[in-house]
Amino acid sequence: MAKAFFRLQKFLRRTQFLLFFLTAAYLMAGSLLLLQRTRLVIQQGSRGTSANQALPVLDGMPGVGMVDPRTLQKPRQGPRLLVGMDTLQEPALEQWHSPRWLVSRNLELRQLRRRWFHRFISDQEPMQTVGFKAMKHTAEHKGTYVGCFSDDSRERTLKGAVFYDLRKMTVSHCQEACAERAYALAGLAYGAECYCGNQLPASAAKPEECNSECKGEKGSVCGGVNRLSVYRVEELRAAARRRRNVIYRGCFRAPENLTDTFPASLLQPNLTVEMCSEFCSKKEFPLAVIPGQECYCGYPTGRFPLRHGADGQLCSAGQAGYCQVYQTPVQDTRCTDRKFLATKSKVFVALSSFPGAGNTWARHLIEHATGYYTGSYYFDGALYNKGFKGEKDHWRSRRTICVKTHESGRTEIEMFDSAILLIRNPYKSLVAEFNRKYAGHLGYATDRAWHSKEWPDFVNSYASWWASHVLDWLKYGKRLLVVHYEELKQSLIPKLKEMVEFLNMTVTEDRLLCVENNRDGNFKRSGAKQKDFEPFTQEMKDLIDRYILTVDEALRERNFTGLPREYVPR
């Protein structure tokens with residue numbers, strides 16, 4: 001009995017020691033996990049804080065500002081200077097607090113990545129409905145299903161227009177888009193890509209090879225890998241004709257040799273603009289050129305660049321040597337092909353800007369000019385769905401021509417070998433970013449949002465970020481090309497040439513003219529725009545104007561062109 005009791009006592013002692021050891025191990029593991037999580041939060045906060053560094057405000061500006069001036073060094077004296085560049089230092093982490101808009105931005109970023117991950121996993125699941133079911137669904141769509149065809153990305157047959165919607169693509173959406181642009185055929189590939197044209201692909205494929213389900217329509221087939229599901233949409237063209245836009249580009253001096261300049265022509269009595277536009281649309285040309293009673297079709301080229309318009313009365317009077325030019329619904333596709341770099345780039349280039357400064361538009365221009373995708377420090381599902389495939393690529397892969405970033409701070413800047421620094425008028429940038437926060441890339445914020453307390457909080461937080469972003473890149477950037485958004489918009493070709501050369505790329509004049517012809521892309525805001533509304537109070541203007549003067553002086557000190565005169569208050 002005593003022996004059994006002794007064994008039980010020995011066992012309990014061992015169990016007690018084991019329980020103590022397991023408890024200690026559990027607490028240590030929990031502590032390590034907490035420390036690791038805290039470190040990640042601090043790193044994320046420091047990254048956002050450096051991107052949103054608040055600048056000290058001059059005396060006499062109560063109620064506006066981000067931080068206690070005691071946490072900053074005293075700036076250089078002078079009525080026009082808010083921050084002394086030579087005295088700006090990296091602040092201690094405890095002295096800075098990320099604005100609540102930045103916290104919401106980080107939360108949005110995490111949610112976007114989480115949604116992307118779940119969507120990516122679901123995309124990998126095998127299709128339950130494969131290519132042979134495509135014929136079953138043709139009756140549900142207005143177009144006539146033709147069949148499954150091979151598609152070569154290097155030389156597409158349906159190359160009249162290209163659309164991407166990597167989330168909501170449907171057969172009907174593609175058909176209607178092609179019909180509105182006067183095409184006879186609509187082809188879908190990869191479940192999310194839409195191609196338009198008038199010539200049927202020559203190489204047919206097996207029906208089961210078109211096996212990609214449409215991203216926005218379960219049970220419908222949208223082509224496959226290098227395969228097109230092709231539909232005829234002639235039935236839709238008559239209904240779409242009344243919605244079709246033919247844009248008058250202006251009166252221009254005609255080239256000396258019309259037949260050499262333009263690949264197609266039409267000579268017909270009683271010629272009308274509609275006749276010429278319809279003819280050029282069928283021939284898949286974006287320009288309809290009418291000198292007198294003749295019709296020519298083509299593209300903007302070095303011989304006919306559409307840069308210097310003439311007096312419209314010269315064309316109205318039938319003056320010889322002049323022609324009227326119209327933009328047909330057909331898309332200029334000479335510059336729409338894009339791909340990833342074949343080998344890793346040796347130079348890591350940033351496309352840096354403050355939010356709302358036109359970074360997405362600049363990426364559109366760069367991608368179409370160079371033919372290579374741009375990357376992003378973030379992941380924006382809406383942009384990825386619209387064809388910015390570099391969004392899904394890791395930002396440090398070096399497979400993209402440059403990488404979008406809104407970050408600032410020494411660590412984030414010195415990761416890059418060089419950068420294109422895009423600067424926009426802060427008044428316009430703040431309005432654009434506020435619209436994006438409330439209505440996405442292409443919408444407008446409501447009246448309620450503008451009159452809420454969020455707007456003044458937003459201005460107080462983001463106005464200082466606009467200035468500190470430029471100042472940090474000027475201070476820590478290794479090799480910079482400063483581009484002003486307004487100058488890029490006004491002189492697109494010369495400025496785009498500078499950007500392309502900075503990226504160590506060479507492009508043809510015709511490709512740049514194609515970019516100019518597609519300059520807006522799909523990035524114009526839609527919806528109800530604010531009219532006769534001044535969102536900035538006088539206090540906000542005083543704050544922003546001081547930041548403008550600071551940045552202008554910093555640019556000139558570093559031998560860059562100062563801010564455009566429209567920025568600088570008078």
# chains A, B, ... in the order shown; residues from 1 in each chain; ligands from 1

$ select_by_dssp --residues "segment 235-313 of chain A" --states "helix (DSSP H, G or I)" --output "number ranges by chain"
A: 235-241, 258-261, 273-282, 312-313

$ select_by_dssp --residues "segment 340-392 of chain A" --states "strand (DSSP E or B)" --output "list in words"
Val349, Ala350, Leu351, Ser352, Ser353, Tyr372, Gly375 and Ser376 of chain A

$ atom_distance --atom1 "atom CA of Ile493 of chain A" --atom2 "atom CA of Arg249 of chain A"
17.5 Å

$ atom_distance --atom1 "atom CA of Ala342 of chain A" --atom2 "atom CA of Ser203 of chain A"
27.4 Å

$ atom_distance --atom1 "atom CA of Tyr373 of chain A" --atom2 "atom CA of Gly390 of chain A"
5.6 Å

$ residues_around --residues "segment 222-226 of chain A" --least-positions-apart "4" --cutoff "7 Å" --atoms "only C-alpha atoms" --output "PDB file with N, CA, C and O atoms, in the first residue's frame"
ATOM      1  N   SER A 150      -8.545  29.750 -82.061  1.00  0.00           N
ATOM      2  CA  SER A 150      -7.222  29.996 -81.488  1.00  0.00           C
ATOM      3  C   SER A 150      -6.925  31.493 -81.519  1.00  0.00           C
ATOM      4  O   SER A 150      -7.376  32.214 -82.411  1.00  0.00           O
ATOM      5  N   ASP A 151      -6.139  31.939 -80.545  1.00  0.00           N
ATOM      6  CA  ASP A 151      -5.822  33.367 -80.452  1.00  0.00           C
ATOM      7  C   ASP A 151      -4.343  33.519 -80.141  1.00  0.00           C
ATOM      8  O   ASP A 151      -3.850  32.968 -79.153  1.00  0.00           O
ATOM      9  N   ASP A 152      -3.633  34.246 -80.980  1.00  0.00           N
ATOM     10  CA  ASP A 152      -2.212  34.503 -80.788  1.00  0.00           C
ATOM     11  C   ASP A 152      -2.054  35.908 -80.235  1.00  0.00           C
ATOM     12  O   ASP A 152      -2.408  36.884 -80.892  1.00  0.00           O
ATOM     13  N   VAL A 171     -20.803  37.748 -71.292  1.00  0.00           N
ATOM     14  CA  VAL A 171     -20.897  37.689 -72.750  1.00  0.00           C
ATOM     15  C   VAL A 171     -21.667  38.896 -73.276  1.00  0.00           C
ATOM     16  O   VAL A 171     -21.267  39.535 -74.253  1.00  0.00           O
ATOM     17  N   LEU A 188     -14.255  36.557 -76.576  1.00  0.00           N
ATOM     18  CA  LEU A 188     -13.907  36.559 -75.160  1.00  0.00           C
ATOM     19  C   LEU A 188     -12.828  35.527 -74.883  1.00  0.00           C
ATOM     20  O   LEU A 188     -12.842  34.429 -75.461  1.00  0.00           O
ATOM     21  N   ALA A 189     -11.881  35.890 -73.996  1.00  0.00           N
ATOM     22  CA  ALA A 189     -10.773  34.996 -73.647  1.00  0.00           C
ATOM     23  C   ALA A 189     -10.470  35.098 -72.165  1.00  0.00           C
ATOM     24  O   ALA A 189     -10.739  36.125 -71.527  1.00  0.00           O
ATOM     25  N   TYR A 190      -9.917  34.034 -71.605  1.00  0.00           N
ATOM     26  CA  TYR A 190      -9.449  33.998 -70.207  1.00  0.00           C
ATOM     27  C   TYR A 190     -10.553  34.313 -69.194  1.00  0.00           C
ATOM     28  O   TYR A 190     -10.266  34.629 -68.043  1.00  0.00           O
ATOM     29  N   GLY A 191     -11.797  34.276 -69.624  1.00  0.00           N
ATOM     30  CA  GLY A 191     -12.897  34.531 -68.709  1.00  0.00           C
ATOM     31  C   GLY A 191     -13.130  35.991 -68.385  1.00  0.00           C
ATOM     32  O   GLY A 191     -14.099  36.315 -67.698  1.00  0.00           O
ATOM     33  N   GLU A 209     -11.976  23.369 -75.786  1.00  0.00           N
ATOM     34  CA  GLU A 209     -10.820  24.175 -75.395  1.00  0.00           C
ATOM     35  C   GLU A 209     -11.223  25.571 -74.916  1.00  0.00           C
ATOM     36  O   GLU A 209     -10.427  26.259 -74.280  1.00  0.00           O
ATOM     37  N   CYS A 210     -12.423  26.001 -75.228  1.00  0.00           N
ATOM     38  CA  CYS A 210     -12.967  27.232 -74.645  1.00  0.00           C
ATOM     39  C   CYS A 210     -13.653  26.826 -73.345  1.00  0.00           C
ATOM     40  O   CYS A 210     -14.837  26.436 -73.332  1.00  0.00           O
ATOM     41  N   ASN A 211     -12.905  26.862 -72.260  1.00  0.00           N
ATOM     42  CA  ASN A 211     -13.394  26.289 -71.000  1.00  0.00           C
ATOM     43  C   ASN A 211     -13.219  27.214 -69.801  1.00  0.00           C
ATOM     44  O   ASN A 211     -13.194  26.765 -68.662  1.00  0.00           O
ATOM     45  N   SER A 212     -13.087  28.529 -70.055  1.00  0.00           N
ATOM     46  CA  SER A 212     -12.971  29.480 -68.941  1.00  0.00           C
ATOM     47  C   SER A 212     -14.340  30.098 -68.655  1.00  0.00           C
ATOM     48  O   SER A 212     -14.967  30.659 -69.560  1.00  0.00           O
ATOM     49  N   GLU A 213     -14.777  29.972 -67.433  1.00  0.00           N
ATOM     50  CA  GLU A 213     -16.061  30.540 -67.046  1.00  0.00           C
ATOM     51  C   GLU A 213     -15.960  32.051 -66.948  1.00  0.00           C
ATOM     52  O   GLU A 213     -14.961  32.586 -66.474  1.00  0.00           O
ATOM     53  N   CYS A 214     -16.974  32.750 -67.412  1.00  0.00           N
ATOM     54  CA  CYS A 214     -17.000  34.218 -67.331  1.00  0.00           C
ATOM     55  C   CYS A 214     -16.947  34.656 -65.879  1.00  0.00           C
ATOM     56  O   CYS A 214     -17.661  34.112 -65.029  1.00  0.00           O
TER      57      CYS A 214
END

$ closest_residue --among "A:Gly477, A:Met415, A:Tyr183, A:Leu543" --to "Ser461 of chain A" --atoms "only C-alpha atoms"
A:Leu543

$ closest_residue --among "A:Val330, A:Leu496, A:Leu200, A:Leu166" --to "Val246 of chain A" --atoms "only C-alpha atoms"
A:Val330

$ closest_residue --among "A:Met505, A:Leu549, A:Ala362, A:Leu480" --to "Asp520 of chain A" --atoms "only C-alpha atoms"
A:Ala362

$ closest_residue --among "A:Cys148, A:Cys402, A:Met28, A:Cys514" --to "Lys206 of chain A" --atoms "only C-alpha atoms"
A:Cys148

$ closest_residue --among "A:Leu287, A:Leu474, A:Val515, A:Ile413" --to "His364 of chain A" --atoms "only C-alpha atoms"
A:Val515

$ closest_residue --among "A:Ala419, A:Cys178, A:Cys335, A:Leu351" --to "Asn518 of chain A" --atoms "only C-alpha atoms"
A:Cys335

$ residues_around --residues "Tyr195 of chain A" --least-positions-apart "4" --cutoff "10 Å" --atoms "only C-alpha atoms" --output "compact mmCIF listing (two decimals) with N, CA and C atoms, in the first residue's frame"
# COMPACT_ATOMS: atom_id res chain seq x y z
N ARG A 156 -3.08 39.40 -82.93
CA ARG A 156 -4.50 39.08 -82.74
C ARG A 156 -5.29 39.36 -84.02
N THR A 157 -6.30 38.50 -84.26
CA THR A 157 -7.20 38.73 -85.38
C THR A 157 -8.25 39.77 -85.00
N LEU A 158 -8.84 39.60 -83.83
CA LEU A 158 -9.79 40.59 -83.33
C LEU A 158 -9.00 41.64 -82.56
N LYS A 159 -8.59 42.68 -83.24
CA LYS A 159 -7.72 43.67 -82.62
C LYS A 159 -8.28 45.08 -82.71
N GLY A 160 -9.58 45.17 -82.97
CA GLY A 160 -10.18 46.50 -83.10
C GLY A 160 -10.32 47.22 -81.79
N ALA A 161 -10.61 46.51 -80.72
CA ALA A 161 -10.75 47.13 -79.40
C ALA A 161 -10.54 46.05 -78.35
N VAL A 162 -10.07 46.46 -77.20
CA VAL A 162 -9.76 45.53 -76.11
C VAL A 162 -10.35 46.07 -74.82
N PHE A 163 -11.03 45.21 -74.07
CA PHE A 163 -11.61 45.59 -72.79
C PHE A 163 -11.28 44.51 -71.76
N TYR A 164 -11.10 44.94 -70.53
CA TYR A 164 -10.84 44.00 -69.44
C TYR A 164 -11.85 44.24 -68.33
N CYS A 174 -19.61 42.18 -73.27
CA CYS A 174 -18.64 42.22 -74.36
C CYS A 174 -19.35 42.49 -75.70
N GLN A 175 -20.47 41.81 -75.93
CA GLN A 175 -21.20 42.00 -77.18
C GLN A 175 -21.67 43.44 -77.35
N ALA A 177 -20.49 46.14 -75.90
CA ALA A 177 -19.35 47.06 -76.04
C ALA A 177 -18.83 47.06 -77.47
N CYS A 178 -18.74 45.89 -78.09
CA CYS A 178 -18.25 45.81 -79.46
C CYS A 178 -19.27 46.40 -80.44
N TYR A 183 -18.33 47.24 -84.36
CA TYR A 183 -17.69 46.00 -84.78
C TYR A 183 -18.73 44.92 -85.04
N LEU A 185 -17.87 41.52 -84.77
CA LEU A 185 -17.54 40.33 -83.99
C LEU A 185 -17.08 40.70 -82.59
N ALA A 186 -17.43 39.85 -81.63
CA ALA A 186 -16.97 40.00 -80.24
C ALA A 186 -16.37 38.67 -79.81
N GLY A 187 -15.18 38.72 -79.24
CA GLY A 187 -14.51 37.51 -78.79
C GLY A 187 -14.10 37.63 -77.34
N LEU A 188 -14.26 36.56 -76.58
CA LEU A 188 -13.91 36.56 -75.16
C LEU A 188 -12.83 35.53 -74.88
N ALA A 189 -11.88 35.89 -74.00
CA ALA A 189 -10.77 35.00 -73.65
C ALA A 189 -10.47 35.10 -72.16
N LEU A 228 -10.55 31.94 -78.07
CA LEU A 228 -11.59 32.95 -78.13
C LEU A 228 -12.95 32.31 -78.36
N SER A 229 -13.93 32.68 -77.55
CA SER A 229 -15.33 32.37 -77.85
C SER A 229 -15.86 33.54 -78.66
N VAL A 230 -16.19 33.31 -79.93
CA VAL A 230 -16.51 34.39 -80.86
C VAL A 230 -18.01 34.44 -81.13

$ residues_around --residues "segment 533-538 of chain A" --least-positions-apart "2" --cutoff "9 Å" --atoms "only C-alpha atoms" --output "JSON, numbers by chain"
{"A": [427, 431, 450, 451, 455, 456, 459, 530, 531, 540, 541, 542, 543]}

$ residues_around --residues "Ala350 of chain A" --least-positions-apart "6" --cutoff "12 Å" --atoms "only C-alpha atoms" --output "PyMOL selection string"
chain A and resi 359+363+374-377+395-396+398+400-408+412-422+473+477-482+499+502-503

$ write_last_selection --atoms "C-alpha atoms" --output "PDB file, in the first residue's frame"
ATOM      1  CA  ASN A 359      -0.706  58.197 -60.663  1.00  0.00           C
ATOM      2  CA  ARG A 363       0.553  54.405 -65.350  1.00  0.00           C
ATOM      3  CA  THR A 374       3.578  48.874 -64.228  1.00  0.00           C
ATOM      4  CA  GLY A 375       3.570  47.480 -60.684  1.00  0.00           C
ATOM      5  CA  SER A 376       2.176  48.774 -57.424  1.00  0.00           C
ATOM      6  CA  TYR A 377       3.325  48.892 -53.817  1.00  0.00           C
ATOM      7  CA  TRP A 395       5.984  44.953 -56.147  1.00  0.00           C
ATOM      8  CA  ARG A 396       9.621  43.812 -55.763  1.00  0.00           C
ATOM      9  CA  ARG A 398      11.229  43.716 -60.987  1.00  0.00           C
ATOM     10  CA  THR A 400       7.350  45.751 -64.277  1.00  0.00           C
ATOM     11  CA  ILE A 401       8.706  48.923 -65.853  1.00  0.00           C
ATOM     12  CA  CYS A 402       8.102  50.975 -62.671  1.00  0.00           C
ATOM     13  CA  VAL A 403       6.222  50.674 -59.372  1.00  0.00           C
ATOM     14  CA  LYS A 404       3.460  52.952 -58.112  1.00  0.00           C
ATOM     15  CA  THR A 405       3.922  54.235 -54.570  1.00  0.00           C
ATOM     16  CA  HIS A 406       2.531  56.943 -52.320  1.00  0.00           C
ATOM     17  CA  GLU A 407       5.063  56.212 -49.597  1.00  0.00           C
ATOM     18  CA  SER A 408       7.656  58.614 -48.234  1.00  0.00           C
ATOM     19  CA  GLU A 412      10.821  53.541 -48.279  1.00  0.00           C
ATOM     20  CA  ILE A 413      12.538  55.954 -50.684  1.00  0.00           C
ATOM     21  CA  GLU A 414      16.034  54.479 -50.585  1.00  0.00           C
ATOM     22  CA  MET A 415      14.689  51.079 -51.654  1.00  0.00           C
ATOM     23  CA  PHE A 416      14.400  52.498 -55.184  1.00  0.00           C
ATOM     24  CA  ASP A 417      17.279  53.281 -57.524  1.00  0.00           C
ATOM     25  CA  SER A 418      15.417  56.114 -59.227  1.00  0.00           C
ATOM     26  CA  ALA A 419      11.949  57.650 -59.357  1.00  0.00           C
ATOM     27  CA  ILE A 420       9.521  59.655 -61.432  1.00  0.00           C
ATOM     28  CA  LEU A 421       8.048  62.148 -58.964  1.00  0.00           C
ATOM     29  CA  LEU A 422       4.595  63.224 -60.125  1.00  0.00           C
ATOM     30  CA  TRP A 473      11.657  62.469 -52.116  1.00  0.00           C
ATOM     31  CA  GLY A 477      15.682  60.249 -53.755  1.00  0.00           C
ATOM     32  CA  LYS A 478      18.792  59.009 -55.575  1.00  0.00           C
ATOM     33  CA  ARG A 479      17.824  59.974 -59.127  1.00  0.00           C
ATOM     34  CA  LEU A 480      14.666  61.929 -59.821  1.00  0.00           C
ATOM     35  CA  LEU A 481      12.597  63.078 -62.764  1.00  0.00           C
ATOM     36  CA  VAL A 482      10.072  65.651 -61.561  1.00  0.00           C
ATOM     37  CA  MET A 499       9.416  59.812 -68.946  1.00  0.00           C
ATOM     38  CA  PHE A 502      14.117  58.213 -68.112  1.00  0.00           C
ATOM     39  CA  LEU A 503      12.925  54.589 -68.037  1.00  0.00           C
TER      40      LEU A 503
END

$ decode --residues "segment 295-324 of chain A" --atoms "N, CA, C and O atoms" --output "short mmCIF file (atom, residue, chain, number, x, y, z; two decimals), in the first residue's frame"
data_model
loop_
_atom_site.label_atom_id
_atom_site.label_comp_id
_atom_site.auth_asym_id
_atom_site.auth_seq_id
_atom_site.Cartn_x
_atom_site.Cartn_y
_atom_site.Cartn_z
N CYS A 295 -13.48 60.63 -98.76
CA CYS A 295 -13.38 60.04 -97.42
C CYS A 295 -12.11 59.20 -97.33
O CYS A 295 -11.88 58.33 -98.18
N TYR A 296 -11.32 59.45 -96.30
CA TYR A 296 -10.10 58.68 -96.07
C TYR A 296 -10.11 58.17 -94.62
O TYR A 296 -10.64 58.82 -93.72
N CYS A 297 -9.48 57.01 -94.42
CA CYS A 297 -9.45 56.39 -93.09
C CYS A 297 -8.00 56.11 -92.69
O CYS A 297 -7.17 55.75 -93.53
N GLY A 298 -7.72 56.26 -91.42
CA GLY A 298 -6.36 55.96 -90.98
C GLY A 298 -6.15 56.24 -89.51
O GLY A 298 -7.10 56.27 -88.70
N TYR A 299 -4.87 56.45 -89.17
CA TYR A 299 -4.43 56.71 -87.80
C TYR A 299 -3.70 58.05 -87.75
O TYR A 299 -3.23 58.55 -88.77
N PRO A 300 -3.56 58.62 -86.56
CA PRO A 300 -2.61 59.74 -86.42
C PRO A 300 -1.19 59.22 -86.64
O PRO A 300 -0.80 58.21 -86.05
N THR A 301 -0.43 59.88 -87.49
CA THR A 301 0.93 59.47 -87.78
C THR A 301 1.84 60.70 -87.81
O THR A 301 1.37 61.83 -87.65
N GLY A 302 3.12 60.45 -88.03
CA GLY A 302 4.05 61.57 -88.15
C GLY A 302 3.70 62.50 -89.28
O GLY A 302 3.92 63.72 -89.21
N ARG A 303 3.12 61.97 -90.36
CA ARG A 303 2.68 62.81 -91.47
C ARG A 303 1.42 63.59 -91.14
O ARG A 303 1.14 64.63 -91.73
N PHE A 304 0.62 63.03 -90.23
CA PHE A 304 -0.67 63.63 -89.90
C PHE A 304 -0.89 63.51 -88.39
O PHE A 304 -1.70 62.72 -87.91
N PRO A 305 -0.19 64.34 -87.59
CA PRO A 305 -0.18 64.14 -86.14
C PRO A 305 -1.36 64.77 -85.38
O PRO A 305 -1.50 64.54 -84.19
N LEU A 306 -2.17 65.58 -86.04
CA LEU A 306 -3.33 66.22 -85.40
C LEU A 306 -2.93 67.12 -84.24
O LEU A 306 -3.61 67.16 -83.21
N ARG A 307 -1.85 67.85 -84.39
CA ARG A 307 -1.39 68.72 -83.30
C ARG A 307 -1.74 70.18 -83.51
O ARG A 307 -1.98 70.90 -82.55
N HIS A 308 -1.78 70.62 -84.76
CA HIS A 308 -2.00 72.03 -85.03
C HIS A 308 -3.26 72.19 -85.87
O HIS A 308 -3.25 71.98 -87.08
N GLY A 309 -4.35 72.53 -85.19
CA GLY A 309 -5.61 72.71 -85.88
C GLY A 309 -5.65 74.03 -86.65
O GLY A 309 -4.91 74.97 -86.38
N ALA A 310 -6.54 74.09 -87.64
CA ALA A 310 -6.73 75.29 -88.45
C ALA A 310 -8.09 75.89 -88.14
O ALA A 310 -8.91 75.31 -87.41
N ASP A 311 -8.35 77.05 -88.70
CA ASP A 311 -9.63 77.73 -88.54
C ASP A 311 -10.73 76.89 -89.16
O ASP A 311 -10.64 76.49 -90.34
N GLY A 312 -11.76 76.59 -88.40
CA GLY A 312 -12.85 75.76 -88.89
C GLY A 312 -13.55 76.30 -90.11
O GLY A 312 -14.12 75.56 -90.91
N GLN A 313 -13.50 77.63 -90.33
CA GLN A 313 -14.16 78.22 -91.48
C GLN A 313 -13.49 77.80 -92.79
O GLN A 313 -14.12 77.78 -93.85
N LEU A 314 -12.20 77.47 -92.73
CA LEU A 314 -11.51 77.02 -93.94
C LEU A 314 -12.11 75.72 -94.44
O LEU A 314 -12.24 75.51 -95.66
N CYS A 315 -12.46 74.82 -93.53
CA CYS A 315 -13.09 73.56 -93.93
C CYS A 315 -14.54 73.78 -94.34
O CYS A 315 -15.03 73.17 -95.30
N SER A 316 -15.24 74.65 -93.61
CA SER A 316 -16.65 74.92 -93.94
C SER A 316 -16.78 75.53 -95.33
O SER A 316 -17.76 75.26 -96.05
N ALA A 317 -15.81 76.35 -95.71
CA ALA A 317 -15.85 76.99 -97.02
C ALA A 317 -15.32 76.09 -98.13
O ALA A 317 -15.30 76.50 -99.30
N GLY A 318 -14.85 74.88 -97.78
CA GLY A 318 -14.33 73.97 -98.79
C GLY A 318 -12.97 74.37 -99.32
O GLY A 318 -12.64 74.07 -100.48
N GLN A 319 -12.18 75.05 -98.49
CA GLN A 319 -10.86 75.50 -98.92
C GLN A 319 -9.97 74.29 -99.26
O GLN A 319 -9.87 73.33 -98.49
N ALA A 320 -9.35 74.35 -100.44
CA ALA A 320 -8.48 73.25 -100.86
C ALA A 320 -7.28 73.13 -99.91
O ALA A 320 -6.73 74.13 -99.46
N GLY A 321 -6.87 71.90 -99.66
CA GLY A 321 -5.72 71.67 -98.79
C GLY A 321 -6.06 71.50 -97.32
O GLY A 321 -5.17 71.34 -96.49
N TYR A 322 -7.38 71.53 -96.99
CA TYR A 322 -7.82 71.36 -95.60
C TYR A 322 -8.86 70.24 -95.52
O TYR A 322 -9.56 69.95 -96.50
N CYS A 323 -8.96 69.63 -94.34
CA CYS A 323 -9.89 68.51 -94.18
C CYS A 323 -10.49 68.50 -92.78
O CYS A 323 -9.88 68.97 -91.82
N GLN A 324 -11.69 67.98 -92.70
CA GLN A 324 -12.35 67.77 -91.41
C GLN A 324 -12.00 66.37 -90.90
O GLN A 324 -11.97 65.41 -91.67
#
